[in-house]
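Source file: data_1.cif (mmCIF, C-alpha atoms (C1' of nucleotides))
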data_target
loop_
_atom_site.label_atom_id
_atom_site.label_comp_id
_atom_site.auth_asym_id
_atom_site.auth_seq_id
_atom_site.Cartn_x
_atom_site.Cartn_y
_atom_site.Cartn_z
CA MET A 1371 53.25 154.75 86.73
CA LYS A 1372 49.73 153.46 86.17
CA ASP A 1373 48.57 156.65 87.85
CA GLN A 1374 49.22 158.41 84.58
CA LEU A 1375 46.49 156.36 82.91
CA LYS A 1376 44.23 156.68 85.95
CA GLU A 1377 44.51 160.44 85.70
CA HIS A 1378 43.68 160.30 82.00
CA ILE A 1379 40.57 158.22 82.66
CA LEU A 1380 39.36 160.51 85.44
CA LYS A 1381 39.54 163.46 83.08
CA PHE A 1382 36.62 161.98 81.17
CA VAL A 1383 34.60 159.65 83.41
CA THR A 1384 34.05 158.73 87.06
CA PRO A 1385 34.38 154.99 87.67
CA SER A 1386 34.34 153.59 91.19
CA GLU A 1387 37.74 153.00 92.73
CA SER A 1388 37.28 149.23 92.56
CA GLU A 1389 36.19 149.34 88.89
CA LEU A 1390 39.25 151.41 88.12
CA GLN A 1391 41.69 149.27 90.07
CA SER A 1392 40.41 146.10 88.53
CA PHE A 1393 40.89 147.62 85.07
CA LEU A 1394 44.37 148.92 85.85
CA SER A 1395 45.40 145.55 87.21
CA THR A 1396 44.75 143.93 83.82
CA LEU A 1397 47.31 146.20 82.12
CA ASP A 1398 50.93 145.18 81.67
CA PHE A 1399 53.98 147.36 81.14
CA GLU A 1400 56.11 147.03 78.06
CA SER A 1401 59.30 148.90 77.45
CA ILE A 1402 60.43 149.43 73.85
CA ASN A 1403 63.61 150.86 72.43
CA ASN A 1404 63.76 153.23 69.51
CA LYS A 1405 63.15 151.41 66.19
CA GLU A 1406 61.71 148.31 67.85
CA TYR A 1407 58.22 147.15 66.92
CA LEU A 1408 55.00 146.77 68.90
CA LEU A 1409 53.36 145.24 65.83
CA LYS A 1410 54.61 143.99 62.50
CA GLU A 1411 52.82 143.55 59.21
CA GLY A 1412 51.43 140.03 58.92
CA GLN A 1413 50.90 139.58 62.68
CA TYR A 1414 47.67 139.76 64.60
CA CYS A 1415 47.41 142.89 66.72
CA LYS A 1416 46.77 141.42 70.14
CA TYR A 1417 46.89 144.53 72.27
CA GLN A 1418 45.66 148.03 72.68
CA TYR A 1419 48.46 150.28 73.96
CA PHE A 1420 48.46 153.34 76.17
CA ILE A 1421 51.64 155.36 75.71
CA LEU A 1422 53.18 156.47 79.01
CA LYS A 1423 56.37 157.82 77.50
CA GLY A 1424 57.83 158.06 74.03
CA CYS A 1425 56.63 158.22 70.48
CA PHE A 1426 55.44 155.76 67.84
CA ARG A 1427 54.61 155.72 64.18
CA ALA A 1428 52.16 153.41 62.44
CA PHE A 1429 53.05 152.77 58.82
CA PHE A 1430 52.53 150.35 55.98
CA VAL A 1431 54.72 149.52 53.01
CA ASN A 1432 53.01 150.24 49.70
CA ARG A 1433 53.39 148.27 46.51
CA LYS A 1434 56.34 150.33 45.42
CA GLY A 1435 58.10 149.43 48.66
CA VAL A 1436 57.72 152.94 50.11
CA GLU A 1437 56.90 153.30 53.81
CA LYS A 1438 53.75 155.37 54.36
CA VAL A 1439 53.19 156.76 57.86
CA VAL A 1440 49.47 156.78 58.65
CA ASN A 1441 49.63 157.81 62.30
CA PHE A 1442 51.80 158.99 65.12
CA GLY A 1443 51.23 158.32 68.80
CA ILE A 1444 52.67 160.12 71.80
CA GLU A 1445 52.18 160.30 75.57
CA ASN A 1446 48.62 159.74 76.81
CA TRP A 1447 47.32 158.38 73.54
CA TRP A 1448 45.83 154.98 72.95
CA LEU A 1449 47.33 153.23 69.97
CA THR A 1450 46.41 150.03 68.14
CA ASN A 1451 45.55 148.71 64.74
CA PHE A 1452 41.79 148.58 65.28
CA ASP A 1453 41.08 146.58 62.18
CA SER A 1454 43.43 143.81 63.27
CA PHE A 1455 42.61 144.14 66.98
CA ILE A 1456 38.82 144.11 66.64
CA ASN A 1457 38.31 141.90 63.61
CA GLN A 1458 41.22 139.56 64.35
CA THR A 1459 42.63 140.06 60.88
CA LEU A 1460 46.28 140.08 59.86
CA SER A 1461 47.80 143.52 60.21
CA GLU A 1462 48.91 145.51 57.19
CA LEU A 1463 50.35 148.08 59.54
CA ASN A 1464 53.58 148.20 61.48
CA ILE A 1465 53.78 150.06 64.78
CA GLN A 1466 57.34 151.11 65.53
CA ALA A 1467 58.90 153.15 68.30
CA ALA A 1468 60.37 156.45 67.14
CA GLU A 1469 61.97 156.98 70.57
CA ASP A 1470 62.77 154.80 73.56
CA SER A 1471 59.29 154.31 74.98
CA LEU A 1472 57.15 152.85 77.70
CA VAL A 1473 53.57 151.62 77.22
CA LEU A 1474 50.75 149.87 79.05
CA LYS A 1475 49.02 147.12 77.11
CA ILE A 1476 45.77 145.20 77.40
CA SER A 1477 44.68 142.15 75.44
CA LYS A 1478 41.38 141.93 73.58
CA GLU A 1479 40.01 139.23 75.89
CA LYS A 1480 40.73 141.24 78.98
CA LEU A 1481 39.41 144.46 77.50
CA ASP A 1482 36.23 142.75 76.30
CA SER A 1483 35.62 141.33 79.73
CA VAL A 1484 36.11 144.73 81.36
CA LEU A 1485 33.77 146.35 78.86
CA LYS A 1486 31.12 143.73 79.40
CA HIS A 1487 30.57 145.03 82.90
CA SER A 1488 31.81 148.56 83.38
CA LEU A 1489 29.51 151.37 82.30
CA GLU A 1490 32.04 154.08 83.00
CA LEU A 1491 34.88 152.42 81.11
CA ASN A 1492 32.60 151.93 78.14
CA ARG A 1493 31.89 155.63 78.35
CA TYR A 1494 35.62 156.30 78.54
CA PHE A 1495 36.47 154.34 75.42
CA ARG A 1496 33.45 155.70 73.60
CA ILE A 1497 34.49 159.26 74.39
CA ILE A 1498 38.06 158.55 73.27
CA LEU A 1499 36.73 157.16 70.01
CA GLU A 1500 34.55 160.21 69.48
CA LYS A 1501 37.68 162.33 69.74
CA VAL A 1502 39.51 160.08 67.32
CA ARG A 1503 36.61 160.34 64.89
CA ILE A 1504 36.68 164.11 65.07
CA ALA A 1505 40.44 164.11 64.44
CA ASP A 1506 40.09 161.70 61.51
CA GLN A 1507 37.32 163.79 60.03
CA ARG A 1508 39.39 166.97 60.28
CA ARG A 1509 42.36 165.17 58.78
CA ILE A 1510 40.35 163.93 55.82
CA GLN A 1511 39.01 167.44 55.35
CA PHE A 1512 42.54 168.86 55.39
CA MET A 1513 43.81 166.28 52.95
CA TYR A 1514 41.05 167.31 50.53
CA ASN A 1515 41.36 171.00 50.92
CA LEU A 1516 44.96 171.94 51.48
CA SER A 1517 48.05 171.98 49.31
CA GLY A 1518 51.19 170.25 50.57
CA GLU A 1519 52.60 173.52 51.83
CA GLU A 1520 49.39 174.41 53.66
CA LEU A 1521 49.25 170.94 55.23
CA TYR A 1522 52.70 171.50 56.59
CA ASP A 1523 51.84 174.97 57.88
CA VAL A 1524 48.74 173.76 59.68
CA PHE A 1525 50.49 170.76 61.17
CA TYR A 1526 53.40 172.90 62.29
CA GLU A 1527 51.08 175.46 63.84
CA GLN A 1528 49.13 172.82 65.72
CA ASN A 1529 52.13 170.72 66.79
CA PRO A 1530 55.15 173.03 66.92
CA ASP A 1531 57.02 170.88 69.45
CA PHE A 1532 56.21 167.57 67.80
CA VAL A 1533 57.73 168.65 64.49
CA GLN A 1534 61.13 168.64 66.21
CA ARG A 1535 60.58 165.19 67.62
CA VAL A 1536 60.56 162.98 64.53
CA PRO A 1537 62.73 162.86 61.39
CA GLN A 1538 61.55 164.99 58.51
CA TYR A 1539 61.02 162.00 56.25
CA MET A 1540 58.47 160.54 58.66
CA LEU A 1541 56.65 163.83 58.81
CA ALA A 1542 56.66 164.16 55.02
CA SER A 1543 55.26 160.66 54.72
CA TYR A 1544 52.56 161.39 57.31
CA LEU A 1545 51.57 164.57 55.49
CA GLY A 1546 51.35 162.65 52.24
CA PHE A 1547 54.31 163.84 50.23
CA THR A 1548 58.00 163.19 49.62
CA PRO A 1549 60.89 164.28 51.86
CA GLU A 1550 62.31 166.24 48.93
CA PHE A 1551 59.13 168.24 48.62
CA LEU A 1552 59.09 168.96 52.35
CA SER A 1553 62.66 170.13 52.04
CA LYS A 1554 61.66 172.45 49.22
CA ILE A 1555 58.84 173.90 51.33
CA ARG A 1556 61.10 174.50 54.31
CA GLY A 1557 63.76 176.07 52.11
CA LYS A 1558 61.15 178.49 50.81
CA LYS A 1559 60.13 179.49 54.35
CA LYS A 1560 63.63 180.53 55.31
CA ALA A 1561 64.22 182.50 52.13
CA MET B 374 9.59 151.88 61.61
CA LYS B 375 11.69 152.17 64.74
CA ASP B 376 12.03 148.38 64.53
CA GLN B 377 14.65 148.95 61.88
CA LEU B 378 16.90 150.66 64.42
CA LYS B 379 16.02 148.12 67.10
CA GLU B 380 17.16 145.37 64.80
CA HIS B 381 20.40 147.19 64.12
CA ILE B 382 21.10 147.60 67.82
CA LEU B 383 20.37 143.94 68.57
CA LYS B 384 22.91 142.93 65.97
CA PHE B 385 25.64 144.27 68.26
CA VAL B 386 24.42 144.33 71.87
CA THR B 387 21.71 142.95 74.15
CA PRO B 388 19.95 145.68 76.11
CA SER B 389 16.91 144.90 78.21
CA GLU B 390 13.60 145.54 76.53
CA SER B 391 12.89 148.48 78.83
CA GLU B 392 16.32 150.01 78.21
CA LEU B 393 15.72 149.69 74.50
CA GLN B 394 12.20 151.07 74.55
CA SER B 395 13.19 154.04 76.62
CA PHE B 396 15.96 154.80 74.13
CA LEU B 397 13.72 154.36 71.10
CA SER B 398 11.10 156.63 72.64
CA THR B 399 13.57 159.52 72.71
CA LEU B 400 14.03 159.39 68.93
CA ASP B 401 11.97 161.50 66.56
CA PHE B 402 11.23 160.95 62.91
CA GLU B 403 12.22 163.48 60.31
CA SER B 404 11.35 163.24 56.69
CA ILE B 405 13.56 165.08 54.20
CA ASN B 406 13.18 165.65 50.50
CA ASN B 407 16.00 165.37 48.01
CA LYS B 408 18.32 168.42 48.17
CA GLU B 409 17.01 169.57 51.55
CA TYR B 410 19.42 169.95 54.44
CA LEU B 411 19.71 168.25 57.82
CA LEU B 412 22.52 170.63 58.72
CA LYS B 413 23.93 173.77 57.19
CA GLU B 414 27.35 175.35 57.52
CA GLY B 415 27.34 177.89 60.35
CA GLN B 416 24.69 176.08 62.39
CA TYR B 417 25.16 173.96 65.48
CA CYS B 418 24.65 170.28 64.80
CA LYS B 419 22.01 169.42 67.37
CA TYR B 420 21.24 165.85 66.41
CA GLN B 421 22.69 162.50 65.64
CA TYR B 422 20.75 160.84 62.81
CA PHE B 423 19.98 157.24 62.01
CA ILE B 424 19.05 156.82 58.35
CA LEU B 425 15.99 154.63 57.84
CA LYS B 426 15.65 155.30 54.14
CA GLY B 427 17.49 157.39 51.60
CA CYS B 428 20.90 158.82 51.08
CA PHE B 429 22.88 161.84 52.29
CA ARG B 430 26.12 163.57 51.56
CA ALA B 431 28.19 165.62 53.98
CA PHE B 432 30.21 168.33 52.27
CA PHE B 433 31.96 171.62 52.86
CA VAL B 434 32.67 174.49 50.52
CA ASN B 435 36.38 175.17 50.17
CA ARG B 436 38.00 178.57 49.74
CA LYS B 437 37.67 178.38 45.98
CA GLY B 438 33.94 177.87 46.37
CA VAL B 439 34.11 174.21 45.35
CA GLU B 440 31.90 171.70 47.17
CA LYS B 441 33.93 168.85 48.67
CA VAL B 442 32.03 165.72 49.68
CA VAL B 443 33.61 164.20 52.79
CA ASN B 444 31.06 161.47 53.50
CA PHE B 445 28.01 159.67 52.30
CA GLY B 446 25.37 158.04 54.47
CA ILE B 447 22.79 155.43 53.56
CA GLU B 448 20.28 153.13 55.25
CA ASN B 449 21.26 151.88 58.71
CA TRP B 450 24.11 154.32 59.19
CA TRP B 451 24.42 156.88 61.92
CA LEU B 452 25.28 160.31 60.58
CA THR B 453 26.25 163.55 62.28
CA ASN B 454 28.95 166.17 62.35
CA PHE B 455 30.70 164.88 65.46
CA ASP B 456 32.85 167.94 65.91
CA SER B 457 29.85 170.23 66.01
CA PHE B 458 27.62 167.75 67.86
CA ILE B 459 30.07 166.84 70.62
CA ASN B 460 32.01 170.06 71.03
CA GLN B 461 29.08 172.38 70.35
CA THR B 462 31.03 174.25 67.72
CA LEU B 463 29.66 175.84 64.57
CA SER B 464 29.53 173.38 61.71
CA GLU B 465 31.73 173.76 58.66
CA LEU B 466 29.87 170.88 57.09
CA ASN B 467 26.54 170.67 55.32
CA ILE B 468 24.49 167.50 55.42
CA GLN B 469 22.17 167.31 52.47
CA ALA B 470 19.74 164.66 51.26
CA ALA B 471 20.71 163.09 47.93
CA GLU B 472 17.34 161.33 47.74
CA ASP B 473 13.97 161.67 49.45
CA SER B 474 14.82 160.29 52.86
CA LEU B 475 13.58 159.34 56.30
CA VAL B 476 15.68 159.54 59.46
CA LEU B 477 15.43 159.12 63.21
CA LYS B 478 17.10 161.83 65.27
CA ILE B 479 18.21 162.25 68.85
CA SER B 480 19.44 165.41 70.55
CA LYS B 481 22.71 165.61 72.47
CA GLU B 482 20.98 166.12 75.81
CA LYS B 483 18.79 163.07 75.35
CA LEU B 484 21.62 160.92 74.08
CA ASP B 485 23.87 162.00 76.96
CA SER B 486 21.21 161.11 79.46
CA VAL B 487 20.70 157.69 77.90
CA LEU B 488 24.44 157.05 77.86
CA LYS B 489 24.80 158.07 81.47
CA HIS B 490 22.83 155.00 82.52
CA SER B 491 22.79 152.31 79.88
CA LEU B 492 25.77 149.98 79.72
CA GLU B 493 24.57 148.20 76.61
CA LEU B 494 23.87 151.35 74.65
CA ASN B 495 27.30 152.67 75.52
CA ARG B 496 28.65 149.42 74.17
CA TYR B 497 26.52 149.88 71.05
CA PHE B 498 27.81 153.34 70.28
CA ARG B 499 31.36 152.36 71.17
CA ILE B 500 31.19 149.42 68.79
CA ILE B 501 29.74 151.61 66.03
CA LEU B 502 32.58 154.08 66.54
CA GLU B 503 35.15 151.31 66.36
CA LYS B 504 33.74 150.40 62.97
CA VAL B 505 33.83 154.00 61.87
CA ARG B 506 37.45 154.24 63.01
CA ILE B 507 38.36 151.18 61.00
CA ALA B 508 36.66 152.61 57.93
CA ASP B 509 38.37 155.98 58.37
CA GLN B 510 41.73 154.29 58.80
CA ARG B 511 41.25 152.27 55.62
CA ARG B 512 40.15 155.35 53.77
CA ILE B 513 43.19 157.31 54.84
CA GLN B 514 45.35 154.37 53.81
CA PHE B 515 43.67 154.28 50.40
CA MET B 516 44.07 158.00 49.90
CA TYR B 517 47.80 157.60 50.50
CA ASN B 518 48.37 154.54 48.47
CA LEU B 519 46.10 154.58 45.45
CA SER B 520 45.99 156.62 42.28
CA GLY B 521 42.70 158.26 41.30
CA GLU B 522 41.86 155.44 38.95
CA GLU B 523 42.57 152.79 41.58
CA LEU B 524 40.47 154.66 44.15
CA TYR B 525 37.56 154.53 41.74
CA ASP B 526 38.12 150.84 41.02
CA VAL B 527 38.20 149.92 44.70
CA PHE B 528 35.18 152.05 45.53
CA TYR B 529 33.25 150.63 42.60
CA GLU B 530 34.16 147.09 43.57
CA GLN B 531 33.11 147.60 47.18
CA ASN B 532 29.94 149.58 46.44
CA PRO B 533 28.75 148.56 42.98
CA ASP B 534 25.12 149.46 43.69
CA PHE B 535 25.86 152.72 45.42
CA VAL B 536 27.79 154.07 42.44
CA GLN B 537 24.52 154.15 40.53
CA ARG B 538 22.77 155.98 43.31
CA VAL B 539 24.47 159.38 43.32
CA PRO B 540 25.54 161.76 40.54
CA GLN B 541 29.04 161.20 39.23
CA TYR B 542 30.21 164.63 40.29
CA MET B 543 29.45 163.83 43.94
CA LEU B 544 31.36 160.59 43.66
CA ALA B 545 34.31 162.36 42.03
CA SER B 546 34.32 164.90 44.84
CA TYR B 547 34.17 162.16 47.47
CA LEU B 548 37.06 160.32 45.86
CA GLY B 549 39.05 163.54 45.80
CA PHE B 550 39.20 164.51 42.16
CA THR B 551 37.34 166.45 39.48
CA PRO B 552 34.31 165.22 37.52
CA GLU B 553 36.37 165.68 34.35
CA PHE B 554 39.01 163.30 35.62
CA LEU B 555 36.39 160.74 36.61
CA SER B 556 34.90 161.02 33.16
CA LYS B 557 38.36 160.40 31.70
CA ILE B 558 38.75 157.27 33.83
CA ARG B 559 35.35 155.91 32.88
CA GLY B 560 35.97 156.59 29.20
CA LYS B 561 39.17 154.59 29.45
CA LYS B 562 37.35 151.61 31.01
CA LYS B 563 34.90 151.28 28.13
CA ALA B 564 37.60 151.51 25.48
"C1'" DT C 1038 87.04 160.88 67.93
"C1'" DG C 1039 86.35 159.46 63.54
"C1'" DA C 1040 84.28 156.38 60.04
"C1'" DA C 1041 79.88 154.56 58.59
"C1'" DA C 1042 75.15 155.01 58.38
"C1'" DA C 1043 71.13 157.80 58.36
"C1'" DA C 1044 68.88 161.91 57.12
"C1'" DA C 1045 68.44 166.28 54.60
"C1'" DT C 1046 69.23 169.28 50.67
"C1'" DT C 1047 69.43 170.80 45.86
"C1'" DA C 1048 68.40 170.71 41.13
"C1'" DA C 1049 66.74 168.74 36.67
"C1'" DT C 1050 63.21 166.30 34.61
"C1'" DC C 1051 58.68 164.08 34.45
"C1'" DT C 1052 53.57 163.00 35.22
"C1'" DA C 1053 48.95 162.54 37.41
"C1'" DG C 1054 45.47 165.10 37.81
"C1'" DA C 1055 43.58 170.18 37.64
"C1'" DT C 1056 41.67 173.76 34.93
"C1'" DT C 1057 39.12 175.79 31.33
"C1'" DA C 1058 35.90 175.81 27.87
"C1'" DA C 1059 32.45 174.20 24.83
"C1'" DG C 1060 29.19 170.78 23.43
"C1'" DA C 1061 26.17 166.57 24.25
"C1'" DA C 1062 22.97 163.87 27.12
"C1'" DA C 1063 19.99 163.26 30.71
"C1'" DT C 1064 16.53 164.71 33.81
"C1'" DG C 1065 12.96 167.40 35.70
"C1'" DC C 1066 9.02 169.73 35.53
"C1'" DA C 1067 5.32 173.13 33.36
"C1'" DT D 852 5.60 167.07 24.94
"C1'" DG D 853 9.05 170.22 24.96
"C1'" DC D 854 12.04 173.55 27.02
"C1'" DA D 855 15.27 174.52 30.89
"C1'" DT D 856 18.27 172.96 34.02
"C1'" DT D 857 21.41 169.70 35.58
"C1'" DT D 858 24.79 166.38 34.61
"C1'" DC D 859 28.33 164.25 31.74
"C1'" DT D 860 31.91 164.11 28.22
"C1'" DT D 861 35.85 165.51 25.38
"C1'" DA D 862 40.00 167.83 24.48
"C1'" DA D 863 43.77 171.27 25.09
"C1'" DT D 864 46.70 173.30 28.27
"C1'" DC D 865 48.79 173.84 32.77
"C1'" DT D 866 50.85 172.93 37.51
"C1'" DA D 867 51.81 170.81 42.08
"C1'" DG D 868 54.29 167.53 43.52
"C1'" DA D 869 56.99 163.01 42.23
"C1'" DT D 870 61.20 161.01 40.75
"C1'" DT D 871 65.97 160.50 40.24
"C1'" DA D 872 70.47 161.38 41.32
"C1'" DA D 873 74.33 163.67 43.23
"C1'" DT D 874 75.97 166.20 47.46
"C1'" DT D 875 76.00 167.68 52.16
"C1'" DT D 876 74.87 167.42 56.88
"C1'" DT D 877 73.81 165.00 61.00
"C1'" DT D 878 73.73 161.07 63.96
"C1'" DT D 879 75.40 156.87 65.80
"C1'" DC D 880 78.33 154.02 68.08
"C1'" DA D 881 82.92 151.19 68.07
#

Let me see the file written as structure tokens.
Amino acid sequence: MKDQLKEHILKFVTPSESELQSFLSTLDFESINNKEYLLKEGQYCKYQYFILKGCFRAFFVNRKGVEKVVNFGIENWWLTNFDSFINQTLSELNIQAAEDSLVLKISKEKLDSVLKHSLELNRYFRIILEKVRIADQRRIQFMYNLSGEELYDVFYEQNPDFVQRVPQYMLASYLGFTPEFLSKIRGKKKA
Amino acid sequence: MKDQLKEHILKFVTPSESELQSFLSTLDFESINNKEYLLKEGQYCKYQYFILKGCFRAFFVNRKGVEKVVNFGIENWWLTNFDSFINQTLSELNIQAAEDSLVLKISKEKLDSVLKHSLELNRYFRIILEKVRIADQRRIQFMYNLSGEELYDVFYEQNPDFVQRVPQYMLASYLGFTPEFLSKIRGKKKA
DNA sequence: TGAAAAAATTAATCTAGATTAAGAAATGCA
DNA sequence: TGCATTTCTTAATCTAGATTAATTTTTTCA
């Protein structure tokens, strides 16, 4: 199963086989059922996760008690709360499985020690982060520029299969509006 | 003047002196007057910039012709349009000086060649990107959770000096609302 | 397989922030 | 120094999306 991550790494960089194996050996499997948590608000985020199978949402609970989804994660994505993981601060985010899932995890100590020595794995994580930055930038741009309906259209266009995969209320929350409003939008489409 | 960047790098990583010098030697100075552009919509973003002095805003023009500020950059920040820089796509963003400024720049080819060999500089840019990711994540969380007035309060609290540094209409745009609304907020504070 | 829980829909009402427009203050520069 | 341009403010009106609440549909699992 770790081959799935190996393949992902080799798409971007070319570490030596020994470098790669020593990295892969530091990763542990964790299997999570739907609705279970990888991370809860108030904990320290001790791991960075690579999703082998399944789907997750990262959310926080705002002052009004409403759950706000800030991110989704699916197969072949890395997922963590960077703020908590890097700065060793208490997490405001929850990371919860939205399907029965399987992940690989690595602790900060182990990752740091890998990244102290491996050029290629530094390149790998840097390249991943560049992609994340580009996605974040686009997302911020969309949030500024598009109406709720347009946000939904664009998201649907870019992730037609994913839209089926999670409940509408999670999607609405991720897109920044209420489930009722999403329902209104979808009603309008059909009509 | 390149010492300023050297100092910044040494805050995070410990490259050899030769590694560092060879990196620094690939960087060129560029001096920019207020309102001039480092990058214009429709161009390729050829450089990544380190700001030695001054202030920039990154913005795009939406379909209604309104300028939307997506980012600011000040001293000791790296600034680029990653999407255009990394993927060699045409930029939708403009990067414009908001003060008379001085930057160091490095082209993609030169940066790639540095990052092919230097472990420590890969670590440096990875660490920078982790910080950017954390900031983006927080920002997205704020955009979800806070009202316009609260966004202004938080931004003001966290950047009291910077608020003085750019025109209010740029700040309003960055925070995601109209100058009129910002003016309304500020009026309310005084009263 | 059917009752309970979870999720989605519909509709009425409400509000944060947008829009428009016109005037006042700053700022820049000849 | 003064005029022109840029920036900021005020106020009236408008709208996208929130809120609330009642109803229906779908999913779960005993």

For region 1038-1048 of chain C: contacts at 12 Å, only C-alpha atoms (C1' of nucleotides), fewer than 5 positions along chain excluded, given as a ChimeraX atom specification: /A:1536-1540,1542,1548-1557 /D:871-881

Could you write those residues out with C-alpha atoms (C1' of nucleotides), as a tab-separated table (two decimals), keeping the file's coordinate frame?
chain	number	residue	atom	x	y	z
A	1536	VAL	CA	60.56	162.98	64.53
A	1537	PRO	CA	62.73	162.86	61.39
A	1538	GLN	CA	61.55	164.99	58.51
A	1539	TYR	CA	61.02	162.00	56.25
A	1540	MET	CA	58.47	160.54	58.66
A	1542	ALA	CA	56.66	164.16	55.02
A	1548	THR	CA	58.00	163.19	49.62
A	1549	PRO	CA	60.89	164.28	51.86
A	1550	GLU	CA	62.31	166.24	48.93
A	1551	PHE	CA	59.13	168.24	48.62
A	1552	LEU	CA	59.09	168.96	52.35
A	1553	SER	CA	62.66	170.13	52.04
A	1554	LYS	CA	61.66	172.45	49.22
A	1555	ILE	CA	58.84	173.90	51.33
A	1556	ARG	CA	61.10	174.50	54.31
A	1557	GLY	CA	63.76	176.07	52.11
D	871	DT	C1'	65.97	160.50	40.24
D	872	DA	C1'	70.47	161.38	41.32
D	873	DA	C1'	74.33	163.67	43.23
D	874	DT	C1'	75.97	166.20	47.46
D	875	DT	C1'	76.00	167.68	52.16
D	876	DT	C1'	74.87	167.42	56.88
D	877	DT	C1'	73.81	165.00	61.00
D	878	DT	C1'	73.73	161.07	63.96
D	879	DT	C1'	75.40	156.87	65.80
D	880	DC	C1'	78.33	154.02	68.08
D	881	DA	C1'	82.92	151.19	68.07

Result set, the PyMOL selection byres ((chain C and resi 1052) around 8) on current file, as a list in words: DC1051 and DA1053 of chain C; DA869 of chain D

Explicit residues for the PyMOL selection byres ((chain D and resi 863) around 10) (as a list in words): DT1057 and DA1058 of chain C; DT861, DA862, DT864 and DC865 of chain D

Atom-to-atom span, CA of Ser1471 (chain A) and CA of Tyr1407 (chain A), Å: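 Going from CA of Ser1471 (chain A) over to CA of Tyr1407 (chain A) covers 10.8 Å.
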
Answer key for the PyMOL selection byres ((chain B) within 6 of (chain A)), residues as a list in words: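 Answer for the PyMOL selection byres ((chain B) within 6 of (chain A)): Asp456, Leu492, Asn495, Arg499 and Ile507 of chain B.
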
Could you dump the residues just selected with C-alpha atoms as an mmCIF file, in the frame of the given file?
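Saved the output as result-v2.cif:
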data_model
loop_
_atom_site.group_PDB
_atom_site.id
_atom_site.type_symbol
_atom_site.label_atom_id
_atom_site.label_comp_id
_atom_site.auth_asym_id
_atom_site.auth_seq_id
_atom_site.Cartn_x
_atom_site.Cartn_y
_atom_site.Cartn_z
ATOM 1 C CA ASP B 456 32.850 167.940 65.910
ATOM 2 C CA LEU B 492 25.770 149.980 79.720
ATOM 3 C CA ASN B 495 27.300 152.670 75.520
ATOM 4 C CA ARG B 499 31.360 152.360 71.170
ATOM 5 C CA ILE B 507 38.360 151.180 61.000
#

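Residue-level contact on chain C: within 10 Å of chain B, counting only C-alpha atoms (C1' of nucleotides), the set is C:DA1053, C:DG1054, C:DA1055, C:DT1056.
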
Selected residues written out with C-alpha atoms (C1' of nucleotides), as a CSV table (one decimal), in the coordinates of the input:
chain,number,residue,atom,x,y,z
C,1053,DA,C1',49.0,162.5,37.4
C,1054,DG,C1',45.5,165.1,37.8
C,1055,DA,C1',43.6,170.2,37.6
C,1056,DT,C1',41.7,173.8,34.9

Would you kindly report the residues of chain D within 10 Å of chain B, using all atoms listed in the file, as a PDB file with C-alpha atoms (C1' of nucleotides), in the frame of the given file?
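Final output, out_39.pdb:
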ATOM      1  C1'  DT D 858      24.790 166.380  34.610  1.00  0.00           C
ATOM      2  C1'  DC D 859      28.330 164.250  31.740  1.00  0.00           C
ATOM      3  C1'  DT D 860      31.910 164.110  28.220  1.00  0.00           C
ATOM      4  C1'  DT D 861      35.850 165.510  25.380  1.00  0.00           C
TER       5       DT D 861
END

Nearest residue to DA867 (chain D) from the set A:Leu1394, A:Cys1425, A:Glu1519, A:Asn1404 (distances using only C-alpha atoms (C1' of nucleotides)):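 Smallest distance to DA867 (chain D) is found for A:Glu1519.
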
To box region 480-494 of chain B, take all atoms listed in the file, fit an axis-aligned box, add 5 Å on each side, and give centre and edge lengths in Å to one decimal, as lines of an AutoDock Vina configuration file.
center_x = 22.3
center_y = 157.2
center_z = 76.5
size_x = 17.0
size_y = 27.9
size_z = 22.0

Nearest to Lys413 (chain B), chosen from B:Glu440, B:Asp534, B:Asp473, B:Glu465, with all atoms listed in the file counted in the distances: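 The shortest atom-to-atom distance to Lys413 (chain B) comes from B:Glu465.
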
Pairwise distance for CA of Val536 (chain B) and CA of Phe515 (chain B), rounded to one decimal in Å: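 These two atoms are separated by 17.8 Å.
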
Å distance separating CA of Cys1415 (chain A) from CA of Leu1460 (chain A), one decimal place: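 Here the two named atoms are 7.5 Å from each other.
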
If you count all atoms listed in the file, which residues fall within 7 Å of Gln1466 (chain A), apart from same-chain ones fewer than 3 positions away, as a short mmCIF file (atom, residue, chain, number, x, y, z; two decimals) with C-alpha atoms, keeping the file's coordinate frame?
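Contents of selection19.cif, freshly written:
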data_model
loop_
_atom_site.label_atom_id
_atom_site.label_comp_id
_atom_site.auth_asym_id
_atom_site.auth_seq_id
_atom_site.Cartn_x
_atom_site.Cartn_y
_atom_site.Cartn_z
CA LYS A 1405 63.15 151.41 66.19
CA GLU A 1406 61.71 148.31 67.85
CA TYR A 1407 58.22 147.15 66.92
CA LEU A 1408 55.00 146.77 68.90
CA PHE A 1426 55.44 155.76 67.84
CA ARG A 1427 54.61 155.72 64.18
CA ALA A 1428 52.16 153.41 62.44
#

Who sits within 10 Å of DC854 (chain D), all atoms listed in the file, same chain under 2 positions skipped, as number ranges by chain: C: 1066-1067; D: 852, 856

Just region 857-865 of chain D from the block, C-alpha atoms (C1' of nucleotides), as a short mmCIF file (atom, residue, chain, number, x, y, z; two decimals), in the first residue's frame, could you?
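Dumped to result19.cif:
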data_model
loop_
_atom_site.label_atom_id
_atom_site.label_comp_id
_atom_site.auth_asym_id
_atom_site.auth_seq_id
_atom_site.Cartn_x
_atom_site.Cartn_y
_atom_site.Cartn_z
"C1'" DT D 857 -6.70 61.45 -5.70
"C1'" DT D 858 -8.70 59.86 -1.59
"C1'" DC D 859 -12.22 59.85 2.01
"C1'" DT D 860 -16.79 60.57 3.95
"C1'" DT D 861 -21.82 60.72 4.33
"C1'" DA D 862 -26.34 59.30 3.35
"C1'" DA D 863 -30.18 57.02 0.77
"C1'" DT D 864 -31.52 53.00 -1.42
"C1'" DC D 865 -31.02 48.23 -2.80
#
